[in-house]
Amino acid sequence: MPKVKTKSSAKKRFALTGTGKIKRKHAFKSHILTKKSTKRKHNLTKTGLVHTSDEGRVRDMLKI
């Protein structure tokens, strides 16, 4: 039986918290930043959590 491999793209994008939740980064922070407000850009910098409905798929990609 071969080893179960983690999706390398998911490994780069997600991280686990101490309580077992999955952290993620916000989208829309890479370009066309002049029209976005400072407050919006600041809030996009913060990390978020993966929604519970998507958590199963992400855990499957991470093999955890």
# chains A, B, ... in the order shown; residues from 1 in each chain; ligands from 1
>>> residues_around(residues="region 16-23 of chain A", least_positions_apart="5", cutoff="6 Å", atoms="only C-alpha atoms", output="list of chain:residue names")
A:Gly48, A:Leu49, A:Val50
>>> write_last_selection(atoms="C-alpha atoms", output="JSON list (two decimals), in the first residue's frame")
[["chain", "number", "residue", "atom", "x", "y", "z"],
["A", 48, "GLY", "CA", -9.42, 33.88, 8.79],
["A", 49, "LEU", "CA", -10.75, 30.42, 9.56],
["A", 50, "VAL", "CA", -12.04, 27.88, 7.08]]
>>> residues_around(residues="Val4 (chain A)", least_positions_apart="2", cutoff="8 Å", atoms="only C-alpha atoms", output="PyMOL selection string")
chain A and resi 2+6+63
>>> residues_around(residues="Ala27 (chain A)", least_positions_apart="3", cutoff="12 Å", atoms="only C-alpha atoms", output="number ranges by chain")
A: 13, 24, 30-31, 40-41, 43-48
>>> write_last_selection(atoms="N, CA, C and O atoms", output="mmCIF file, in the first residue's frame")
data_model
loop_
_atom_site.group_PDB
_atom_site.id
_atom_site.type_symbol
_atom_site.label_atom_id
_atom_site.label_comp_id
_atom_site.auth_asym_id
_atom_site.auth_seq_id
_atom_site.Cartn_x
_atom_site.Cartn_y
_atom_site.Cartn_z
ATOM 1 N N ARG A 13 -1.207 26.592 1.661
ATOM 2 C CA ARG A 13 -2.278 27.575 1.867
ATOM 3 C C ARG A 13 -2.942 27.522 3.228
ATOM 4 O O ARG A 13 -3.548 28.500 3.656
ATOM 5 N N ARG A 24 -6.657 30.241 7.247
ATOM 6 C CA ARG A 24 -6.497 30.534 5.826
ATOM 7 C C ARG A 24 -6.227 32.015 5.670
ATOM 8 O O ARG A 24 -6.417 32.792 6.610
ATOM 9 N N SER A 30 -3.741 41.078 -3.749
ATOM 10 C CA SER A 30 -2.488 41.031 -4.509
ATOM 11 C C SER A 30 -2.319 42.165 -5.509
ATOM 12 O O SER A 30 -1.214 42.630 -5.721
ATOM 13 N N HIS A 31 -3.393 42.610 -6.146
ATOM 14 C CA HIS A 31 -3.249 43.684 -7.139
ATOM 15 C C HIS A 31 -4.537 44.488 -7.217
ATOM 16 O O HIS A 31 -5.524 44.143 -6.577
ATOM 17 N N ARG A 40 -10.319 48.218 4.212
ATOM 18 C CA ARG A 40 -10.567 46.935 3.547
ATOM 19 C C ARG A 40 -9.268 46.143 3.369
ATOM 20 O O ARG A 40 -9.208 44.939 3.631
ATOM 21 N N LYS A 41 -8.221 46.834 2.942
ATOM 22 C CA LYS A 41 -6.920 46.180 2.752
ATOM 23 C C LYS A 41 -6.369 45.680 4.080
ATOM 24 O O LYS A 41 -5.780 44.597 4.163
ATOM 25 N N ASN A 43 -8.104 44.770 6.720
ATOM 26 C CA ASN A 43 -8.874 43.608 7.152
ATOM 27 C C ASN A 43 -8.550 42.365 6.328
ATOM 28 O O ASN A 43 -8.661 41.245 6.826
ATOM 29 N N LEU A 44 -8.155 42.541 5.069
ATOM 30 C CA LEU A 44 -7.772 41.406 4.237
ATOM 31 C C LEU A 44 -6.424 40.823 4.653
ATOM 32 O O LEU A 44 -6.112 39.685 4.327
ATOM 33 N N THR A 45 -5.616 41.609 5.363
ATOM 34 C CA THR A 45 -4.317 41.139 5.808
ATOM 35 C C THR A 45 -4.454 40.082 6.908
ATOM 36 O O THR A 45 -3.649 39.163 6.998
ATOM 37 N N LYS A 46 -5.491 40.206 7.715
ATOM 38 C CA LYS A 46 -5.691 39.289 8.836
ATOM 39 C C LYS A 46 -6.049 37.893 8.335
ATOM 40 O O LYS A 46 -6.653 37.735 7.278
ATOM 41 N N THR A 47 -5.677 36.892 9.111
ATOM 42 C CA THR A 47 -6.031 35.522 8.746
ATOM 43 C C THR A 47 -7.456 35.228 9.174
ATOM 44 O O THR A 47 -7.971 35.818 10.136
ATOM 45 N N GLY A 48 -8.079 34.311 8.457
ATOM 46 C CA GLY A 48 -9.418 33.876 8.792
ATOM 47 C C GLY A 48 -9.422 32.380 9.050
ATOM 48 O O GLY A 48 -8.383 31.721 8.995
#
>>> select_by_dssp(residues="chain A", states="helix (DSSP H, G or I)", output="list in words")
Ser8, Ser9, Ala10, Lys11, Lys12, Arg13, Thr38, Lys39, Arg40, Lys41, His42, Asn43, Leu44, Thr45, Thr52, Ser53, Asp54, Glu55, Gly56, Arg57, Val58, Arg59, Asp60, Met61 and Leu62 of chain A
>>> write_last_selection(atoms="N, CA, C and O atoms", output="compact mmCIF listing (two decimals), in the first residue's frame")
# COMPACT_ATOMS: atom_id res chain seq x y z
N SER A 8 0.18 19.29 -2.15
CA SER A 8 1.21 20.27 -1.85
C SER A 8 0.67 21.70 -1.90
O SER A 8 1.14 22.57 -1.17
N SER A 9 -0.34 21.95 -2.73
CA SER A 9 -0.93 23.29 -2.79
C SER A 9 -1.68 23.61 -1.48
O SER A 9 -1.61 24.72 -0.98
N ALA A 10 -2.37 22.62 -0.94
CA ALA A 10 -3.10 22.82 0.32
C ALA A 10 -2.14 23.01 1.49
O ALA A 10 -2.40 23.81 2.39
N LYS A 11 -1.01 22.31 1.44
CA LYS A 11 0.00 22.41 2.49
C LYS A 11 0.52 23.84 2.60
O LYS A 11 0.82 24.32 3.69
N LYS A 12 0.62 24.52 1.44
CA LYS A 12 1.12 25.90 1.42
C LYS A 12 0.06 26.91 1.85
O LYS A 12 0.39 27.99 2.33
N ARG A 13 -1.21 26.59 1.66
CA ARG A 13 -2.28 27.58 1.87
C ARG A 13 -2.94 27.52 3.23
O ARG A 13 -3.55 28.50 3.66
N THR A 38 -8.28 51.67 2.66
CA THR A 38 -7.25 51.26 3.60
C THR A 38 -7.81 50.28 4.62
O THR A 38 -7.16 49.30 4.97
N LYS A 39 -9.02 50.53 5.06
CA LYS A 39 -9.67 49.66 6.04
C LYS A 39 -9.89 48.26 5.46
O LYS A 39 -9.64 47.25 6.12
N ARG A 40 -10.32 48.22 4.21
CA ARG A 40 -10.57 46.93 3.55
C ARG A 40 -9.27 46.14 3.37
O ARG A 40 -9.21 44.94 3.63
N LYS A 41 -8.22 46.83 2.94
CA LYS A 41 -6.92 46.18 2.75
C LYS A 41 -6.37 45.68 4.08
O LYS A 41 -5.78 44.60 4.16
N HIS A 42 -6.55 46.47 5.13
CA HIS A 42 -6.07 46.08 6.45
C HIS A 42 -6.79 44.83 6.94
O HIS A 42 -6.17 43.92 7.50
N ASN A 43 -8.10 44.77 6.72
CA ASN A 43 -8.87 43.61 7.15
C ASN A 43 -8.55 42.37 6.33
O ASN A 43 -8.66 41.24 6.83
N LEU A 44 -8.16 42.54 5.07
CA LEU A 44 -7.77 41.41 4.24
C LEU A 44 -6.42 40.82 4.65
O LEU A 44 -6.11 39.68 4.33
N THR A 45 -5.62 41.61 5.36
CA THR A 45 -4.32 41.14 5.81
C THR A 45 -4.45 40.08 6.91
O THR A 45 -3.65 39.16 7.00
N THR A 52 -16.93 25.78 8.51
CA THR A 52 -17.16 24.39 8.91
C THR A 52 -17.65 23.52 7.76
O THR A 52 -17.34 22.33 7.71
N SER A 53 -18.39 24.11 6.80
CA SER A 53 -18.88 23.32 5.67
C SER A 53 -17.75 22.94 4.72
O SER A 53 -17.85 21.94 4.00
N ASP A 54 -16.66 23.71 4.69
CA ASP A 54 -15.52 23.42 3.82
C ASP A 54 -14.40 22.67 4.54
O ASP A 54 -13.46 22.19 3.91
N GLU A 55 -14.51 22.58 5.85
CA GLU A 55 -13.43 22.03 6.65
C GLU A 55 -13.13 20.57 6.30
O GLU A 55 -11.97 20.16 6.26
N GLY A 56 -14.15 19.80 6.00
CA GLY A 56 -13.96 18.39 5.66
C GLY A 56 -13.13 18.22 4.41
O GLY A 56 -12.23 17.37 4.35
N ARG A 57 -13.41 19.03 3.39
CA ARG A 57 -12.66 18.96 2.13
C ARG A 57 -11.20 19.34 2.33
O ARG A 57 -10.30 18.72 1.77
N VAL A 58 -10.97 20.37 3.15
CA VAL A 58 -9.60 20.82 3.40
C VAL A 58 -8.85 19.77 4.19
O VAL A 58 -7.68 19.48 3.90
N ARG A 59 -9.49 19.18 5.19
CA ARG A 59 -8.85 18.11 5.98
C ARG A 59 -8.50 16.93 5.09
O ARG A 59 -7.48 16.28 5.28
N ASP A 60 -9.35 16.64 4.11
CA ASP A 60 -9.08 15.54 3.19
C ASP A 60 -7.86 15.86 2.32
O ASP A 60 -7.06 14.97 2.04
N MET A 61 -7.74 17.12 1.90
CA MET A 61 -6.57 17.52 1.10
C MET A 61 -5.29 17.46 1.92
O MET A 61 -4.23 17.12 1.42
N LEU A 62 -5.41 17.82 3.22
CA LEU A 62 -4.25 17.81 4.10
C LEU A 62 -4.00 16.43 4.71
O LEU A 62 -2.98 16.23 5.38
>>> select_by_dssp(residues="chain A", states="strand (DSSP E or B)", output="number ranges by chain")
A: 15-16, 22-24, 48-49
>>> write_last_selection(atoms="N, CA and C atoms", output="short mmCIF file (atom, residue, chain, number, x, y, z; two decimals), in the first residue's frame")
data_model
loop_
_atom_site.label_atom_id
_atom_site.label_comp_id
_atom_site.auth_asym_id
_atom_site.auth_seq_id
_atom_site.Cartn_x
_atom_site.Cartn_y
_atom_site.Cartn_z
N ALA A 15 -3.09 26.20 7.52
CA ALA A 15 -2.33 25.85 8.71
C ALA A 15 -3.32 25.52 9.83
N LEU A 16 -2.89 24.69 10.76
CA LEU A 16 -3.74 24.32 11.88
C LEU A 16 -3.49 25.23 13.07
N ILE A 22 -8.73 25.27 11.15
CA ILE A 22 -7.85 25.48 10.01
C ILE A 22 -7.83 26.96 9.64
N LYS A 23 -6.61 27.53 9.62
CA LYS A 23 -6.44 28.94 9.27
C LYS A 23 -6.27 29.07 7.76
N ARG A 24 -6.66 30.24 7.25
CA ARG A 24 -6.50 30.53 5.83
C ARG A 24 -6.23 32.01 5.67
N GLY A 48 -8.08 34.31 8.46
CA GLY A 48 -9.42 33.88 8.79
C GLY A 48 -9.42 32.38 9.05
N LEU A 49 -10.59 31.85 9.34
CA LEU A 49 -10.75 30.42 9.56
C LEU A 49 -11.57 29.82 8.43
#
